[in-house]
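Participant: input_38.cif is reproduced in full below (mmCIF, C-alpha atoms, pLDDT in the B column; chains and numbers go by the auth columns).
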```cif
data_target
#
loop_
_atom_site.group_PDB
_atom_site.id
_atom_site.type_symbol
_atom_site.label_atom_id
_atom_site.label_comp_id
_atom_site.label_asym_id
_atom_site.label_seq_id
_atom_site.Cartn_x
_atom_site.Cartn_y
_atom_site.Cartn_z
_atom_site.B_iso_or_equiv
_atom_site.auth_seq_id
_atom_site.auth_asym_id
ATOM 1 C CA MET A 1 -34.318 -128.901 -85.424 42.00 1 A
ATOM 2 C CA ALA A 2 -37.258 -127.555 -87.283 46.00 2 A
ATOM 3 C CA LEU A 3 -38.120 -123.875 -87.118 44.00 3 A
ATOM 4 C CA THR A 4 -41.591 -122.937 -86.123 47.00 4 A
ATOM 5 C CA ARG A 5 -43.469 -119.670 -86.459 47.00 5 A
ATOM 6 C CA PRO A 6 -43.593 -117.701 -83.227 45.00 6 A
ATOM 7 C CA THR A 7 -46.876 -117.722 -81.474 49.00 7 A
ATOM 8 C CA GLY A 8 -48.590 -115.639 -78.867 46.00 8 A
ATOM 9 C CA LYS A 9 -47.328 -112.168 -78.015 45.00 9 A
ATOM 10 C CA HIS A 10 -44.247 -112.649 -80.129 44.00 10 A
ATOM 11 C CA ARG A 11 -46.268 -112.911 -83.383 46.00 11 A
ATOM 12 C CA ALA A 12 -45.837 -109.956 -85.809 47.00 12 A
ATOM 13 C CA PRO A 13 -48.916 -107.803 -86.216 49.00 13 A
ATOM 14 C CA GLY A 14 -51.059 -108.661 -89.202 49.00 14 A
ATOM 15 C CA ARG A 15 -51.692 -106.313 -92.114 45.00 15 A
ATOM 16 C CA MET A 16 -55.137 -105.410 -90.906 45.00 16 A
ATOM 17 C CA THR A 17 -53.747 -104.852 -87.422 46.00 17 A
ATOM 18 C CA ARG A 18 -51.103 -102.449 -88.690 45.00 18 A
ATOM 19 C CA ARG A 19 -53.669 -100.552 -90.716 46.00 19 A
ATOM 20 C CA SER A 20 -55.983 -100.339 -87.718 46.00 20 A
ATOM 21 C CA ALA A 21 -53.166 -99.054 -85.552 44.00 21 A
ATOM 22 C CA SER A 22 -52.275 -96.452 -88.141 46.00 22 A
ATOM 23 C CA ILE A 23 -55.839 -95.278 -88.299 43.00 23 A
ATOM 24 C CA ALA A 24 -56.018 -95.137 -84.525 45.00 24 A
ATOM 25 C CA GLY A 25 -52.812 -93.170 -84.374 45.00 25 A
ATOM 26 C CA VAL A 26 -54.036 -90.668 -86.906 42.00 26 A
ATOM 27 C CA ALA A 27 -57.235 -90.299 -84.993 42.00 27 A
ATOM 28 C CA THR A 28 -55.302 -89.680 -81.768 45.00 28 A
ATOM 29 C CA LEU A 29 -53.085 -87.111 -83.371 40.00 29 A
ATOM 30 C CA ALA A 30 -56.070 -85.369 -84.852 41.00 30 A
ATOM 31 C CA THR A 31 -57.636 -85.231 -81.397 43.00 31 A
ATOM 32 C CA THR A 32 -54.577 -83.706 -79.775 45.00 32 A
ATOM 33 C CA GLY A 33 -53.984 -81.235 -82.606 43.00 33 A
ATOM 34 C CA VAL A 34 -50.657 -82.748 -83.536 42.00 34 A
ATOM 35 C CA CYS A 35 -51.930 -84.198 -86.803 39.00 35 A
ATOM 36 C CA GLY A 36 -52.195 -80.811 -88.436 41.00 36 A
ATOM 37 C CA THR A 37 -48.634 -79.974 -87.462 42.00 37 A
ATOM 38 C CA LEU A 38 -47.186 -83.251 -88.574 39.00 38 A
ATOM 39 C CA ALA A 39 -49.213 -83.447 -91.751 43.00 39 A
ATOM 40 C CA ALA A 40 -47.916 -80.195 -93.205 43.00 40 A
ATOM 41 C CA PRO A 41 -44.413 -81.402 -94.001 44.00 41 A
ATOM 42 C CA ALA A 42 -45.783 -84.601 -95.396 44.00 42 A
ATOM 43 C CA HIS A 43 -48.159 -82.619 -97.643 45.00 43 A
ATOM 44 C CA ALA A 44 -45.375 -80.289 -98.690 44.00 44 A
ATOM 45 C CA ALA A 45 -43.138 -83.171 -99.468 45.00 45 A
ATOM 46 C CA GLY A 46 -45.913 -84.846 -101.360 49.00 46 A
ATOM 47 C CA SER A 47 -46.539 -81.812 -103.608 50.00 47 A
ATOM 48 C CA GLY A 48 -43.649 -82.788 -105.842 54.00 48 A
ATOM 49 C CA ALA A 49 -44.704 -86.426 -106.121 55.00 49 A
ATOM 50 C CA PRO A 50 -48.442 -86.873 -106.746 56.00 50 A
ATOM 51 C CA SER A 51 -50.104 -89.825 -105.127 57.00 51 A
ATOM 52 C CA LEU A 52 -51.468 -92.753 -107.126 50.00 52 A
ATOM 53 C CA GLU A 53 -54.929 -91.303 -106.882 53.00 53 A
ATOM 54 C CA ASP A 54 -53.745 -87.897 -108.279 54.00 54 A
ATOM 55 C CA THR A 55 -51.793 -89.578 -111.107 56.00 55 A
ATOM 56 C CA GLY A 56 -54.831 -91.572 -112.126 57.00 56 A
ATOM 57 C CA SER A 57 -56.933 -88.418 -112.281 60.00 57 A
ATOM 58 C CA LEU A 58 -54.365 -86.697 -114.515 59.00 58 A
ATOM 59 C CA MET A 59 -54.324 -89.697 -116.839 63.00 59 A
ATOM 60 C CA ILE A 60 -58.120 -89.619 -117.125 66.00 60 A
ATOM 61 C CA ILE A 61 -58.096 -85.866 -117.852 68.00 61 A
ATOM 62 C CA SER A 62 -55.362 -86.349 -120.468 72.00 62 A
ATOM 63 C CA ALA A 63 -57.356 -89.142 -122.117 72.00 63 A
ATOM 64 C CA ASP A 64 -60.457 -86.958 -122.182 74.00 64 A
ATOM 65 C CA ALA A 65 -58.472 -84.119 -123.736 77.00 65 A
ATOM 66 C CA ASP A 66 -57.047 -86.454 -126.372 81.00 66 A
ATOM 67 C CA ALA A 67 -60.544 -87.734 -127.196 82.00 67 A
ATOM 68 C CA ASP A 68 -61.884 -84.187 -127.499 83.00 68 A
ATOM 69 C CA SER A 69 -58.961 -83.218 -129.720 87.00 69 A
ATOM 70 C CA LEU A 70 -59.535 -86.254 -131.936 87.00 70 A
ATOM 71 C CA ALA A 71 -63.257 -85.506 -132.139 88.00 71 A
ATOM 72 C CA ASP A 72 -62.505 -81.898 -133.101 88.00 72 A
ATOM 73 C CA GLU A 73 -60.052 -83.088 -135.757 87.00 73 A
ATOM 74 C CA VAL A 74 -62.611 -85.516 -137.181 91.00 74 A
ATOM 75 C CA ALA A 75 -65.258 -82.791 -137.145 90.00 75 A
ATOM 76 C CA ASP A 76 -62.887 -80.384 -138.925 90.00 76 A
ATOM 77 C CA GLN A 77 -62.090 -83.014 -141.559 90.00 77 A
ATOM 78 C CA ALA A 78 -65.787 -83.712 -142.062 91.00 78 A
ATOM 79 C CA ALA A 79 -66.496 -79.981 -142.412 91.00 79 A
ATOM 80 C CA THR A 80 -63.632 -79.628 -144.900 92.00 80 A
ATOM 81 C CA GLN A 81 -64.851 -82.572 -146.947 92.00 81 A
ATOM 82 C CA LYS A 82 -68.402 -81.200 -146.896 92.00 82 A
ATOM 83 C CA SER A 83 -67.185 -77.786 -148.042 91.00 83 A
ATOM 84 C CA ALA A 84 -65.181 -79.427 -150.828 93.00 84 A
ATOM 85 C CA ALA A 85 -68.218 -81.457 -151.903 94.00 85 A
ATOM 86 C CA VAL A 86 -70.403 -78.349 -151.896 94.00 86 A
ATOM 87 C CA ALA A 87 -67.765 -76.498 -153.913 94.00 87 A
ATOM 88 C CA ARG A 88 -67.654 -79.338 -156.463 94.00 88 A
ATOM 89 C CA VAL A 89 -71.433 -79.343 -156.790 94.00 89 A
ATOM 90 C CA GLN A 90 -71.482 -75.564 -157.213 93.00 90 A
ATOM 91 C CA ALA A 91 -68.702 -75.754 -159.812 95.00 91 A
ATOM 92 C CA ALA A 92 -70.599 -78.443 -161.718 95.00 92 A
ATOM 93 C CA GLU A 93 -73.796 -76.399 -161.589 94.00 93 A
ATOM 94 C CA GLU A 94 -71.944 -73.301 -162.809 94.00 94 A
ATOM 95 C CA ALA A 95 -70.358 -75.280 -165.648 95.00 95 A
ATOM 96 C CA GLN A 96 -73.778 -76.629 -166.631 95.00 96 A
ATOM 97 C CA ARG A 97 -75.283 -73.129 -166.473 95.00 97 A
ATOM 98 C CA ARG A 98 -72.566 -71.803 -168.758 95.00 98 A
ATOM 99 C CA ALA A 99 -73.003 -74.731 -171.143 96.00 99 A
ATOM 100 C CA ASP A 100 -76.758 -74.128 -171.248 96.00 100 A
ATOM 101 C CA GLU A 101 -76.175 -70.431 -171.851 95.00 101 A
ATOM 102 C CA ARG A 102 -73.767 -71.168 -174.711 95.00 102 A
ATOM 103 C CA ALA A 103 -76.303 -73.586 -176.189 96.00 103 A
ATOM 104 C CA ARG A 104 -79.043 -70.946 -175.969 95.00 104 A
ATOM 105 C CA GLU A 105 -76.784 -68.379 -177.597 95.00 105 A
ATOM 106 C CA ALA A 106 -75.908 -70.841 -180.367 95.00 106 A
ATOM 107 C CA ARG A 107 -79.588 -71.608 -180.986 95.00 107 A
ATOM 108 C CA ALA A 108 -80.416 -67.902 -181.011 96.00 108 A
ATOM 109 C CA ALA A 109 -77.612 -67.251 -183.492 95.00 109 A
ATOM 110 C CA GLU A 110 -78.860 -70.067 -185.714 94.00 110 A
ATOM 111 C CA GLU A 111 -82.396 -68.698 -185.563 94.00 111 A
ATOM 112 C CA ARG A 112 -81.190 -65.204 -186.441 93.00 112 A
ATOM 113 C CA ALA A 113 -79.171 -66.580 -189.335 94.00 113 A
ATOM 114 C CA ALA A 114 -82.162 -68.580 -190.557 93.00 114 A
ATOM 115 C CA ARG A 115 -84.434 -65.533 -190.346 89.00 115 A
ATOM 116 C CA GLU A 116 -81.891 -63.426 -192.187 88.00 116 A
ATOM 117 C CA ALA A 117 -81.490 -66.070 -194.866 85.00 117 A
ATOM 118 C CA GLU A 118 -85.252 -66.281 -195.245 78.00 118 A
ATOM 119 C CA ARG A 119 -85.519 -62.497 -195.384 77.00 119 A
ATOM 120 C CA ARG A 120 -82.877 -62.368 -198.099 78.00 120 A
ATOM 121 C CA ARG A 121 -84.588 -65.161 -199.961 73.00 121 A
ATOM 122 C CA LEU A 122 -87.943 -63.437 -199.786 71.00 122 A
ATOM 123 C CA ASN A 123 -86.457 -60.107 -200.837 77.00 123 A
ATOM 124 C CA THR A 124 -84.483 -61.662 -203.671 89.00 124 A
ATOM 125 C CA PHE A 125 -85.615 -60.983 -207.208 95.00 125 A
ATOM 126 C CA GLN A 126 -84.949 -63.081 -210.279 95.00 126 A
ATOM 127 C CA SER A 127 -85.713 -63.211 -213.953 97.00 127 A
ATOM 128 C CA PRO A 128 -89.256 -64.398 -214.784 98.00 128 A
ATOM 129 C CA VAL A 129 -87.840 -66.905 -217.295 98.00 129 A
ATOM 130 C CA ALA A 130 -84.726 -68.802 -216.317 96.00 130 A
ATOM 131 C CA GLY A 131 -81.833 -68.632 -218.775 95.00 131 A
ATOM 132 C CA SER A 132 -83.708 -66.383 -221.190 95.00 132 A
ATOM 133 C CA HIS A 133 -82.999 -62.996 -222.745 95.00 133 A
ATOM 134 C CA VAL A 134 -84.937 -59.891 -223.742 96.00 134 A
ATOM 135 C CA SER A 135 -86.196 -60.201 -227.321 94.00 135 A
ATOM 136 C CA THR A 136 -88.076 -56.900 -227.506 91.00 136 A
ATOM 137 C CA GLY A 137 -87.070 -53.863 -225.473 93.00 137 A
ATOM 138 C CA TYR A 138 -89.051 -51.347 -223.476 94.00 138 A
ATOM 139 C CA ARG A 139 -90.700 -48.491 -225.415 83.00 139 A
ATOM 140 C CA ALA A 140 -90.051 -50.113 -228.770 89.00 140 A
ATOM 141 C CA GLY A 141 -92.351 -48.489 -231.356 79.00 141 A
ATOM 142 C CA GLY A 142 -94.680 -50.084 -233.874 71.00 142 A
ATOM 143 C CA SER A 143 -98.235 -50.795 -234.878 66.00 143 A
ATOM 144 C CA LEU A 144 -98.377 -53.934 -232.831 71.00 144 A
ATOM 145 C CA TRP A 145 -99.162 -51.926 -229.702 66.00 145 A
ATOM 146 C CA SER A 146 -102.268 -49.818 -229.327 66.00 146 A
ATOM 147 C CA SER A 147 -100.363 -47.155 -227.398 70.00 147 A
ATOM 148 C CA GLY A 148 -97.822 -46.927 -230.210 68.00 148 A
ATOM 149 C CA SER A 149 -94.971 -48.300 -228.091 81.00 149 A
ATOM 150 C CA HIS A 150 -94.103 -51.332 -226.058 88.00 150 A
ATOM 151 C CA SER A 151 -95.165 -50.892 -222.415 91.00 151 A
ATOM 152 C CA GLY A 152 -92.945 -53.725 -221.225 93.00 152 A
ATOM 153 C CA ILE A 153 -90.301 -56.149 -222.451 95.00 153 A
ATOM 154 C CA ASP A 154 -90.569 -59.537 -224.113 96.00 154 A
ATOM 155 C CA PHE A 155 -88.584 -62.568 -222.923 98.00 155 A
ATOM 156 C CA HIS A 156 -87.764 -65.321 -225.369 97.00 156 A
ATOM 157 C CA ALA A 157 -89.811 -68.316 -224.155 97.00 157 A
ATOM 158 C CA PRO A 158 -90.940 -71.311 -226.223 97.00 158 A
ATOM 159 C CA HIS A 159 -94.474 -72.534 -225.647 97.00 159 A
ATOM 160 C CA GLY A 160 -94.848 -74.232 -222.255 98.00 160 A
ATOM 161 C CA THR A 161 -91.759 -72.618 -220.701 98.00 161 A
ATOM 162 C CA PRO A 162 -92.255 -72.148 -216.911 98.00 162 A
ATOM 163 C CA VAL A 163 -92.887 -68.525 -215.909 98.00 163 A
ATOM 164 C CA MET A 164 -91.966 -67.492 -212.336 98.00 164 A
ATOM 165 C CA SER A 165 -92.770 -64.584 -210.095 97.00 165 A
ATOM 166 C CA VAL A 166 -89.805 -62.241 -210.006 97.00 166 A
ATOM 167 C CA GLY A 167 -90.240 -61.631 -206.279 96.00 167 A
ATOM 168 C CA MET A 168 -92.471 -61.946 -203.244 95.00 168 A
ATOM 169 C CA GLY A 169 -95.966 -60.538 -203.426 96.00 169 A
ATOM 170 C CA THR A 170 -99.695 -61.177 -203.693 97.00 170 A
ATOM 171 C CA VAL A 171 -101.581 -62.074 -206.862 98.00 171 A
ATOM 172 C CA VAL A 172 -104.190 -59.398 -207.593 97.00 172 A
ATOM 173 C CA GLU A 173 -105.261 -60.646 -211.020 97.00 173 A
ATOM 174 C CA ALA A 174 -105.138 -64.092 -212.642 98.00 174 A
ATOM 175 C CA GLY A 175 -107.169 -64.598 -215.837 97.00 175 A
ATOM 176 C CA TRP A 176 -107.954 -63.167 -219.185 97.00 176 A
ATOM 177 C CA GLY A 177 -106.521 -59.709 -219.787 94.00 177 A
ATOM 178 C CA GLY A 178 -107.718 -58.739 -223.271 93.00 178 A
ATOM 179 C CA ALA A 179 -104.721 -57.929 -225.463 92.00 179 A
ATOM 180 C CA TYR A 180 -102.509 -59.497 -222.790 94.00 180 A
ATOM 181 C CA GLY A 181 -104.303 -62.823 -223.196 96.00 181 A
ATOM 182 C CA ASN A 182 -103.990 -65.023 -220.112 98.00 182 A
ATOM 183 C CA ASN A 183 -102.137 -62.846 -217.642 98.00 183 A
ATOM 184 C CA VAL A 184 -101.113 -62.584 -213.995 98.00 184 A
ATOM 185 C CA VAL A 185 -100.621 -59.325 -212.068 97.00 185 A
ATOM 186 C CA ILE A 186 -98.765 -59.380 -208.742 98.00 186 A
ATOM 187 C CA ARG A 187 -98.552 -56.623 -206.171 97.00 187 A
ATOM 188 C CA MET A 188 -94.983 -56.847 -204.902 96.00 188 A
ATOM 189 C CA ASN A 189 -94.026 -56.368 -201.253 93.00 189 A
ATOM 190 C CA ASP A 190 -92.410 -53.011 -202.033 91.00 190 A
ATOM 191 C CA GLY A 191 -95.698 -51.675 -203.433 94.00 191 A
ATOM 192 C CA SER A 192 -94.795 -52.026 -207.118 96.00 192 A
ATOM 193 C CA TYR A 193 -96.656 -54.270 -209.577 98.00 193 A
ATOM 194 C CA THR A 194 -95.463 -56.838 -212.112 98.00 194 A
ATOM 195 C CA GLN A 195 -97.458 -58.277 -215.018 97.00 195 A
ATOM 196 C CA TYR A 196 -96.971 -61.504 -216.988 98.00 196 A
ATOM 197 C CA GLY A 197 -98.868 -61.750 -220.313 97.00 197 A
ATOM 198 C CA HIS A 198 -99.688 -64.095 -223.188 97.00 198 A
ATOM 199 C CA LEU A 199 -99.551 -67.157 -220.927 98.00 199 A
ATOM 200 C CA ALA A 200 -100.611 -70.554 -222.236 98.00 200 A
ATOM 201 C CA SER A 201 -101.918 -71.447 -218.776 98.00 201 A
ATOM 202 C CA ILE A 202 -102.162 -69.898 -215.302 98.00 202 A
ATOM 203 C CA GLY A 203 -101.098 -71.689 -212.131 98.00 203 A
ATOM 204 C CA VAL A 204 -102.151 -69.220 -209.399 98.00 204 A
ATOM 205 C CA THR A 205 -105.310 -67.484 -208.212 98.00 205 A
ATOM 206 C CA ALA A 206 -106.109 -63.950 -207.072 97.00 206 A
ATOM 207 C CA GLY A 207 -105.292 -63.398 -203.392 97.00 207 A
ATOM 208 C CA GLN A 208 -102.555 -66.020 -203.363 98.00 208 A
ATOM 209 C CA SER A 209 -99.151 -65.152 -201.905 96.00 209 A
ATOM 210 C CA VAL A 210 -96.109 -65.992 -204.014 96.00 210 A
ATOM 211 C CA VAL A 211 -92.349 -65.838 -203.565 93.00 211 A
ATOM 212 C CA ALA A 212 -89.444 -65.306 -205.913 94.00 212 A
ATOM 213 C CA GLY A 213 -89.016 -68.225 -208.271 94.00 213 A
ATOM 214 C CA GLN A 214 -92.492 -69.652 -207.697 96.00 214 A
ATOM 215 C CA GLN A 215 -94.080 -70.835 -210.909 98.00 215 A
ATOM 216 C CA ILE A 216 -97.214 -68.909 -211.807 98.00 216 A
ATOM 217 C CA GLY A 217 -97.897 -70.226 -215.315 98.00 217 A
ATOM 218 C CA LEU A 218 -96.562 -71.392 -218.646 98.00 218 A
ATOM 219 C CA ALA A 219 -95.469 -69.220 -221.554 98.00 219 A
ATOM 220 C CA GLY A 220 -97.693 -69.124 -224.611 98.00 220 A
ATOM 221 C CA SER A 221 -99.108 -66.854 -227.299 97.00 221 A
ATOM 222 C CA THR A 222 -102.598 -65.864 -226.105 97.00 222 A
ATOM 223 C CA GLY A 223 -104.063 -62.427 -226.706 94.00 223 A
ATOM 224 C CA ASN A 224 -102.421 -59.923 -229.069 91.00 224 A
ATOM 225 C CA SER A 225 -99.303 -61.956 -229.790 92.00 225 A
ATOM 226 C CA THR A 226 -97.286 -62.958 -232.853 91.00 226 A
ATOM 227 C CA GLY A 227 -95.756 -66.075 -231.260 95.00 227 A
ATOM 228 C CA PRO A 228 -94.859 -67.722 -227.959 97.00 228 A
ATOM 229 C CA HIS A 229 -93.045 -65.418 -225.572 97.00 229 A
ATOM 230 C CA LEU A 230 -93.513 -63.750 -222.204 98.00 230 A
ATOM 231 C CA HIS A 231 -94.606 -60.146 -222.004 96.00 231 A
ATOM 232 C CA PHE A 232 -93.338 -58.688 -218.726 98.00 232 A
ATOM 233 C CA GLU A 233 -94.231 -55.302 -217.304 96.00 233 A
ATOM 234 C CA ALA A 234 -93.225 -53.415 -214.178 97.00 234 A
ATOM 235 C CA ARG A 235 -95.558 -50.699 -212.884 95.00 235 A
ATOM 236 C CA GLY A 236 -95.426 -48.077 -210.197 94.00 236 A
ATOM 237 C CA GLY A 237 -99.177 -48.475 -209.620 92.00 237 A
ATOM 238 C CA ALA A 238 -102.044 -50.804 -210.362 88.00 238 A
ATOM 239 C CA ASP A 239 -103.374 -48.904 -213.376 88.00 239 A
ATOM 240 C CA TYR A 240 -102.361 -49.254 -216.993 86.00 240 A
ATOM 241 C CA GLY A 241 -100.010 -46.471 -218.034 86.00 241 A
ATOM 242 C CA SER A 242 -98.013 -46.491 -214.787 92.00 242 A
ATOM 243 C CA ASP A 243 -95.363 -48.686 -216.395 94.00 243 A
ATOM 244 C CA ILE A 244 -91.669 -48.244 -215.649 96.00 244 A
ATOM 245 C CA ASP A 245 -88.581 -49.639 -217.388 96.00 245 A
ATOM 246 C CA PRO A 246 -88.648 -53.388 -216.543 97.00 246 A
ATOM 247 C CA VAL A 247 -84.914 -53.847 -217.152 96.00 247 A
ATOM 248 C CA ALA A 248 -84.008 -51.013 -214.804 96.00 248 A
ATOM 249 C CA TYR A 249 -86.563 -52.336 -212.305 96.00 249 A
ATOM 250 C CA LEU A 250 -85.073 -55.834 -212.275 97.00 250 A
ATOM 251 C CA ARG A 251 -81.484 -54.594 -212.192 96.00 251 A
ATOM 252 C CA ALA A 252 -82.336 -52.359 -209.224 94.00 252 A
ATOM 253 C CA HIS A 253 -83.396 -55.545 -207.415 93.00 253 A
ATOM 254 C CA GLY A 254 -80.174 -57.381 -208.222 92.00 254 A
ATOM 255 C CA VAL A 255 -81.238 -59.230 -211.361 94.00 255 A
ATOM 256 C CA SER A 256 -78.610 -59.372 -214.087 91.00 256 A
ATOM 257 C CA LEU A 257 -80.028 -59.235 -217.644 87.00 257 A
#
```
Before anything else, please render the file you have as structure tokens.
Facilitator:
Amino acid sequence: MALTRPTGKHRAPGRMTRRSASIAGVATLATTGVCGTLAAPAHAAGSGAPSLEDTGSLMIISADADADSLADEVADQAATQKSAAVARVQAAEEAQRRADERAREARAAEERAAREAERRRLNTFQSPVAGSHVSTGYRAGGSLWSSGSHSGIDFHAPHGTPVMSVGMGTVVEAGWGGAYGNNVVIRMNDGSYTQYGHLASIGVTAGQSVVAGQQIGLAGSTGNSTGPHLHFEARGGADYGSDIDPVAYLRAHGVSL
């Protein structure tokens, strides 16, 4: 015999019916004041086991906390990386600054060395005739000189031998000098004067600046001369008669004769 589902008053209450009855019962209890009394134990019992709604809220809060923590961690990493990048840039800039400073110091040192070398070069003296020797000494006596003695020294120099300024100075005379023939007089930077006589030709003009070793003419035998040579004088002043020992003068300036 087939079973059939009970009908009528014997049918089990539906889900909605049970829920409605529960709601009605709660409402009745609330009206009579019993609900508060009965609810307390249930609430107390429920404090150790959160409802589904409470558990869901905790999960959401935990997720939010995890997201905030992750965001903070990412922000910290970004800040650390930015600080490291800034530090690298600053280190590179400092290294470049030091390199530039070293380069400036090197250039300054080179400039100082160049100036010093130029100063030494300009203050250097040399013989007026390269590779020559003194053929007639200072103060040698004889009738060849109107003063009765030699006011300078003679350097052996064949005709056409280059004659150079012994040091740096300014030409104050370049032309005929009577007994000196073609001659050049230079006021040296230290205030002394040097004279070059009996030249075959002159290669400078008055007012011209010269340096040590600069050619000023060619040796010859003009004026009161017995043959090609260079007459060289050193003077303390511009006037004739202020002559000083040319050998001592040149040696005092580092020239070896």
Participant: Identify which of the residues A:Thr170, A:Ser221, A:Ser192, A:Gln126 lies closest to Arg235 (chain A), counting all atoms listed in the file when measuring atom-to-atom distances.
Facilitator: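 Among A:Thr170, A:Ser221, A:Ser192, A:Gln126, it is A:Ser192 that comes nearest to Arg235 (chain A).
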Participant: Can you work out which one of A:Ala117, A:Ala206, A:Val166, A:Leu199 has the shortest atom-to-atom distance to Leu250 (chain A), counting only C-alpha atoms?
Facilitator: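 Closest to Leu250 (chain A) of all the choices is A:Val166.
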Participant: I'd like to know which of A:Asp239, A:Glu73, A:Glu233, A:Asp100 is closest to Arg139 (chain A), using all atoms listed in the file.
Facilitator: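 Closest residue, counting all atoms listed in the file: A:Glu233.
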Participant: Spell out the residues picked by the PyMOL selection byres ((chain A and resi 226) around 12) here, as a list in words.
Facilitator: Leu144, Trp145, Asp154, Ala179, Tyr180, Gly181, His198, Gly220, Ser221, Thr222, Gly223, Asn224, Ser225, Gly227, Pro228, His229, Leu230 and His231 of chain A
Participant: Excluding Gln214 (chain A) and residues on its chain fewer than 3 positions from it, collect all residues at most 9 Å away from it, counting only C-alpha atoms, and give them as a list in words.
Facilitator: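 In the requested form, the answer reads Val163, Met164, Ser165, Val166, Gly167, Met168, Val210 and Val211 of chain A.
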Participant: Ranking A:Asp66, A:Asp72, A:Glu110, A:Glu173 by minimum distance to Gly203 (chain A) and counting only C-alpha atoms, which one comes first?
Facilitator: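 Answer, going by the shortest atom-to-atom distance: A:Glu173.
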Participant: Evaluate the PyMOL selection byres ((chain A and resi 185-191) around 8) and record the selected residues as a list of chain:residue names, following the chain and residue labels used in the document.
Facilitator: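 With the PyMOL selection byres ((chain A and resi 185-191) around 8) on this model, the match is A:Gly167, A:Met168, A:Gly169, A:Thr170, A:Val171, A:Val172, A:Glu173, A:Ala174, A:Asn183, A:Val184, A:Ser192, A:Tyr193, A:Thr194, A:Gln195, A:Tyr196, A:Gly236, A:Gly237, A:Ala238.
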Participant: Between CA of His133 (chain A) and CA of Leu257 (chain A), what distance in Å does the model show, to one decimal?
Facilitator: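 Calculated distance between CA of His133 (chain A) and CA of Leu257 (chain A) is 7.0 Å.
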Participant: What does the distance between CA of Ser201 (chain A) and CA of Ser256 (chain A) come to in Å, to one decimal place?
Facilitator: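 Taking CA of Ser201 (chain A) and CA of Ser256 (chain A), their separation equals 26.7 Å.
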Participant: Could you list, as a PyMOL selection string, every residue matched by the PyMOL selection byres ((chain A and resi 244) around 8) in this structure?
Facilitator: chain A and resi 152+233-236+242-243+245-246+249
Participant: May I have the residues from that selection written out with C-alpha atoms, as a tab-separated table (two decimals), keeping the file's coordinate frame?
Facilitator:
```tsv
chain	number	residue	atom	x	y	z
A	152	GLY	CA	-92.94	-53.72	-221.22
A	233	GLU	CA	-94.23	-55.30	-217.30
A	234	ALA	CA	-93.22	-53.42	-214.18
A	235	ARG	CA	-95.56	-50.70	-212.88
A	236	GLY	CA	-95.43	-48.08	-210.20
A	242	SER	CA	-98.01	-46.49	-214.79
A	243	ASP	CA	-95.36	-48.69	-216.40
A	245	ASP	CA	-88.58	-49.64	-217.39
A	246	PRO	CA	-88.65	-53.39	-216.54
A	249	TYR	CA	-86.56	-52.34	-212.30
```
Participant: Tell me, in Å to one decimal, how far CA of Ala78 (chain A) is from CA of Ala65 (chain A).
Facilitator: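 Taking CA of Ala78 (chain A) as the start and CA of Ala65 (chain A) as the end point, the length is 19.7 Å.
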Participant: For Arg251 (chain A), which residue among A:Ala79, A:Ala63, A:Phe125, A:Ala87 is the nearest when counting only C-alpha atoms?
Facilitator: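 For Arg251 (chain A), the nearest of the given residues is A:Phe125.
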Participant: Would you list the contacts of Ile153 (chain A) as a ChimeraX atom specification, taking every protein, DNA or RNA residue within 6 Å and counting only C-alpha atoms, but skipping same-chain residues closer than 4 positions in sequence?
Facilitator: /A:136-138,231-232
Participant: For His156 (chain A), which residue out of A:Ala212, A:Ala219, A:Ala85, A:Ala114 is the nearest one, using all atoms listed in the file?
Facilitator: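 Between A:Ala212, A:Ala219, A:Ala85, A:Ala114, the residue approaching His156 (chain A) most closely is A:Ala219.
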Participant: Please, could N, CA, C and O atoms be added to region 242-248 of chain A and the result written as a PDB file, keeping the file's coordinate frame?
Facilitator:
```
ATOM      1  N   SER A 242     -98.975 -46.818-215.851  1.00 92.00           N
ATOM      2  CA  SER A 242     -98.013 -46.491-214.787  1.00 92.00           C
ATOM      3  C   SER A 242     -96.744 -47.318-214.935  1.00 92.00           C
ATOM      4  O   SER A 242     -96.003 -47.488-213.968  1.00 92.00           O
ATOM      5  N   ASP A 243     -96.507 -47.802-216.162  1.00 94.00           N
ATOM      6  CA  ASP A 243     -95.363 -48.686-216.395  1.00 94.00           C
ATOM      7  C   ASP A 243     -94.037 -47.965-216.205  1.00 94.00           C
ATOM      8  O   ASP A 243     -93.929 -46.752-216.422  1.00 94.00           O
ATOM      9  N   ILE A 244     -93.043 -48.732-215.794  1.00 96.00           N
ATOM     10  CA  ILE A 244     -91.669 -48.244-215.649  1.00 96.00           C
ATOM     11  C   ILE A 244     -90.756 -49.201-216.404  1.00 96.00           C
ATOM     12  O   ILE A 244     -91.183 -50.299-216.801  1.00 96.00           O
ATOM     13  N   ASP A 245     -89.525 -48.815-216.634  1.00 96.00           N
ATOM     14  CA  ASP A 245     -88.581 -49.639-217.388  1.00 96.00           C
ATOM     15  C   ASP A 245     -88.345 -50.961-216.659  1.00 96.00           C
ATOM     16  O   ASP A 245     -87.769 -50.982-215.565  1.00 96.00           O
ATOM     17  N   PRO A 246     -88.797 -52.092-217.217  1.00 97.00           N
ATOM     18  CA  PRO A 246     -88.648 -53.388-216.543  1.00 97.00           C
ATOM     19  C   PRO A 246     -87.197 -53.801-216.334  1.00 97.00           C
ATOM     20  O   PRO A 246     -86.872 -54.423-215.303  1.00 97.00           O
ATOM     21  N   VAL A 247     -86.317 -53.470-217.292  1.00 96.00           N
ATOM     22  CA  VAL A 247     -84.914 -53.847-217.152  1.00 96.00           C
ATOM     23  C   VAL A 247     -84.288 -53.109-215.974  1.00 96.00           C
ATOM     24  O   VAL A 247     -83.589 -53.705-215.138  1.00 96.00           O
ATOM     25  N   ALA A 248     -84.526 -51.793-215.915  1.00 96.00           N
ATOM     26  CA  ALA A 248     -84.008 -51.013-214.804  1.00 96.00           C
ATOM     27  C   ALA A 248     -84.587 -51.491-213.476  1.00 96.00           C
ATOM     28  O   ALA A 248     -83.900 -51.539-212.452  1.00 96.00           O
TER      29      ALA A 248
END
```
